[in-house]
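Enquirer: This is the structure I want to talk about, given as structure tokens.
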Amino acid sequence: MRKPDAQFDKVTDISPQFFKDNNLTGVILDVDNTLIGLDGKNLENVFEWIKSLQESNIKLCIASNSKNREKISKFANEANMPFFLLSCKPLKRGLKKALKELNMAPENVAEIGDQLFTDVWGAKRMKMFSILTKPFTPEKHAISKFKRKIEQRRLDKINKQV
Ligand SMILES: [Mg+2]
């Protein structure tokens with residue numbers, strides 16, 4: 001298992017220049033704990049960040065595993081970007097749809113999300129640039145907390161590799 005191509009604390013830490021430097025002209029975004037916390041609150045300054053990317057001619061699109069149309073569509077409409085629900089990451093299906101929407105080669109697209117086993121693995125399978133961010137609200141359910149622990153252990157191991 002290879003490392004994510006890049007790791008940041010939160011999406012708002014990634015500058016438009018970072019995308020330019022890596023020849024990335026498109027971005028596919030996860031929602032839960034990447035843009036919106038599990039408490040329903042948006043990440044601080046997230047719309048300003050999205051706008052700064054759009055002004056740098058970077059095309060954005062949401063691919064969420066969520067089925068919550070109300071929540072995702074509200075955010076996507078406010079951010080002025082297309083969205084896909086039930087993306088089934090790490091399977092290719094949903095990411096393929098998003099990629100088709102962006103109409104770009106996978107190597108020019110970054111997939112950004114907070115989960116190694118869904119977002120990063122999905123991006124790797126699609127040969128896209130993978131960016132892992134940190135979840136910013138705690139998991140609610142025992143099973144999710146457990147998954148996080150396994151994921152963190154795996155990430156620590158990967159990060160120790162050269
Ligand atoms: Mg997520």
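We name chains A, B, ... following the order of the structure tokens; residues begin at 1 in each chain, and ligands are numbered from 1 as shown.
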Skipping near chain neighbours, those fewer than 6 positions away, what residues fall within 10 Å of A:Ile36 using only C-alpha atoms, listed as a list in words?

Expert: Asp30, Asn42, Leu43, Glu44, Val46, Lys71, Ile72, Phe75, Pro135, Phe136 and Thr137 of chain A

Enquirer: Could you give me, as a PDB file with C-alpha atoms, in the first residue's frame, the residues within 12 Å of stretch 157-162 of chain A, counting only C-alpha atoms and dropping anything in the same chain fewer than 6 positions from it?

Expert:
ATOM      1  CA  MET A   1       0.000   0.000   0.000  1.00  0.00           C
ATOM      2  CA  ARG A   2       1.483   3.250  -1.121  1.00  0.00           C
ATOM      3  CA  LYS A   3       1.224   6.504   0.732  1.00  0.00           C
ATOM      4  CA  PRO A   4      -1.348   9.154  -0.131  1.00  0.00           C
ATOM      5  CA  ASP A   5       0.346  11.523  -2.592  1.00  0.00           C
ATOM      6  CA  ALA A   6      -0.083  14.326  -0.073  1.00  0.00           C
ATOM      7  CA  GLN A   7      -1.408  14.811   3.444  1.00  0.00           C
ATOM      8  CA  LEU A 116      -7.556   6.055   3.754  1.00  0.00           C
ATOM      9  CA  ILE A 150      -7.567   0.455  12.207  1.00  0.00           C
ATOM     10  CA  GLU A 151      -7.126   3.174   9.609  1.00  0.00           C
TER      11      GLU A 151
END

Enquirer: What does the distance between atom CA of A:Asp13 and atom CA of A:Phe146 come to in Å, to one decimal place?

Expert: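 That distance, rounded to one decimal, is 27.2 Å.
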
Enquirer: Would you name the residues within 10 Å of ligand 1, counting only C-alpha atoms and all ligand atoms, and put them as a list in words?

Expert: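 After applying the 10 Å limit, what remains is Leu29, Asp30, Val31, Asp32, Asn33, Thr34, Leu35, Ile36, Gly37, Leu38, Ser64, Asn65, Ser66, Ile112, Gly113, Asp114, Gln115, Leu116, Thr118, Asp119, Leu132, Thr133, Lys134, Pro135 and Phe136 of chain A.
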
Enquirer: Grab the residues selected above and save them as a compact mmCIF listing (two decimals), in the first residue's frame with N, CA and C atoms.

Expert:
# COMPACT_ATOMS: atom_id res chain seq x y z
N LEU A 29 -14.07 16.00 -4.41
CA LEU A 29 -14.10 16.18 -2.96
C LEU A 29 -15.04 15.22 -2.24
N ASP A 30 -14.55 14.67 -1.13
CA ASP A 30 -15.39 13.97 -0.18
C ASP A 30 -16.13 15.03 0.64
N VAL A 31 -17.21 14.67 1.30
CA VAL A 31 -17.94 15.66 2.09
C VAL A 31 -17.80 15.45 3.59
N ASP A 32 -18.22 14.27 4.07
CA ASP A 32 -18.27 14.06 5.52
C ASP A 32 -16.88 14.07 6.16
N ASN A 33 -16.72 14.99 7.07
CA ASN A 33 -15.46 15.17 7.79
C ASN A 33 -14.32 15.67 6.90
N THR A 34 -14.69 16.10 5.68
CA THR A 34 -13.72 16.76 4.80
C THR A 34 -14.17 18.20 4.58
N LEU A 35 -15.48 18.37 4.26
CA LEU A 35 -16.05 19.71 4.06
C LEU A 35 -17.05 20.06 5.16
N ILE A 36 -17.83 19.04 5.56
CA ILE A 36 -18.84 19.23 6.61
C ILE A 36 -18.56 18.26 7.74
N GLY A 37 -18.59 18.78 8.97
CA GLY A 37 -18.37 17.92 10.14
C GLY A 37 -19.56 17.01 10.39
N LEU A 38 -19.34 15.99 11.20
CA LEU A 38 -20.44 15.08 11.52
C LEU A 38 -21.48 15.75 12.41
N SER A 64 -19.55 11.88 -2.92
CA SER A 64 -19.73 11.45 -1.54
C SER A 64 -20.31 10.05 -1.48
N ASN A 65 -19.93 9.31 -0.47
CA ASN A 65 -20.56 8.00 -0.26
C ASN A 65 -21.91 8.14 0.44
N SER A 66 -22.21 9.35 0.85
CA SER A 66 -23.45 9.61 1.58
C SER A 66 -24.68 9.49 0.67
N ILE A 112 -9.75 14.26 -2.84
CA ILE A 112 -9.43 14.67 -1.47
C ILE A 112 -10.47 14.14 -0.50
N GLY A 113 -10.00 13.50 0.56
CA GLY A 113 -10.92 13.00 1.58
C GLY A 113 -10.19 12.62 2.85
N ASP A 114 -10.99 12.30 3.87
CA ASP A 114 -10.41 12.04 5.19
C ASP A 114 -10.20 10.55 5.49
N GLN A 115 -10.54 9.69 4.53
CA GLN A 115 -10.41 8.27 4.83
C GLN A 115 -9.47 7.53 3.88
N LEU A 116 -8.55 6.83 4.51
CA LEU A 116 -7.56 6.05 3.75
C LEU A 116 -8.22 4.95 2.94
N THR A 118 -11.29 4.53 1.87
CA THR A 118 -12.28 4.86 0.84
C THR A 118 -11.70 5.90 -0.13
N ASP A 119 -11.36 7.06 0.39
CA ASP A 119 -10.93 8.17 -0.50
C ASP A 119 -9.58 7.89 -1.16
N LEU A 132 -4.95 13.09 1.45
CA LEU A 132 -5.63 12.71 2.69
C LEU A 132 -5.65 13.88 3.65
N THR A 133 -6.85 14.19 4.17
CA THR A 133 -6.96 15.23 5.19
C THR A 133 -7.37 14.56 6.50
N LYS A 134 -7.33 15.32 7.57
CA LYS A 134 -7.70 14.74 8.87
C LYS A 134 -9.18 15.01 9.17
N PRO A 135 -9.89 14.02 9.71
CA PRO A 135 -11.29 14.27 10.11
C PRO A 135 -11.30 15.34 11.20
N PHE A 136 -12.28 16.23 11.17
CA PHE A 136 -12.26 17.32 12.15
C PHE A 136 -13.39 17.26 13.18

Enquirer: List as a JSON list (two decimals) with C-alpha atoms, in the first residue's frame the protein and nucleic acid residues near A:Val27, meaning an atom at most 9 Å away when only C-alpha atoms are counted, but skip any in the same chain fewer than 5 places from it.

Expert:
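Output file result_25.json is given in full below:
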[["chain", "number", "residue", "atom", "x", "y", "z"],
["A", 19, "PHE", "CA", -2.58, 22.20, -7.38],
["A", 58, "ILE", "CA", -9.64, 24.61, -10.96],
["A", 59, "LYS", "CA", -12.82, 22.63, -11.57],
["A", 60, "LEU", "CA", -14.43, 20.99, -8.57],
["A", 61, "CYS", "CA", -16.91, 18.20, -8.06],
["A", 62, "ILE", "CA", -18.27, 16.31, -5.05],
["A", 102, "LEU", "CA", -14.79, 17.08, -14.93],
["A", 108, "ASN", "CA", -4.76, 15.88, -13.61],
["A", 109, "VAL", "CA", -7.36, 15.32, -10.90],
["A", 110, "ALA", "CA", -6.91, 15.25, -7.14],
["A", 111, "GLU", "CA", -9.24, 13.23, -4.97],
["A", 112, "ILE", "CA", -9.43, 14.67, -1.47]]

Enquirer: Identify, on the basis of only C-alpha atoms, every residue whose closest approach to A:Glu139 does not exceed 9 Å; exclude the query and any residue fewer than 5 positions from it along the same chain; express the result as a list in words.

Expert: Leu38, Ser144, Lys145 and Arg148 of chain A

Enquirer: Using atom CA of A:Leu53 and atom CA of A:Ala98 as the two end points, give the distance in Å to one decimal.

Expert: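 A separation of 17.4 Å between them.
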
Enquirer: Looking at only C-alpha atoms, which of A:Thr12, A:Lys74, A:Gln54, A:Phe117 is the one that sits closest to A:Gly40?

Expert: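 Going through A:Thr12, A:Lys74, A:Gln54, A:Phe117 one by one, the smallest distance to A:Gly40 is for A:Lys74.
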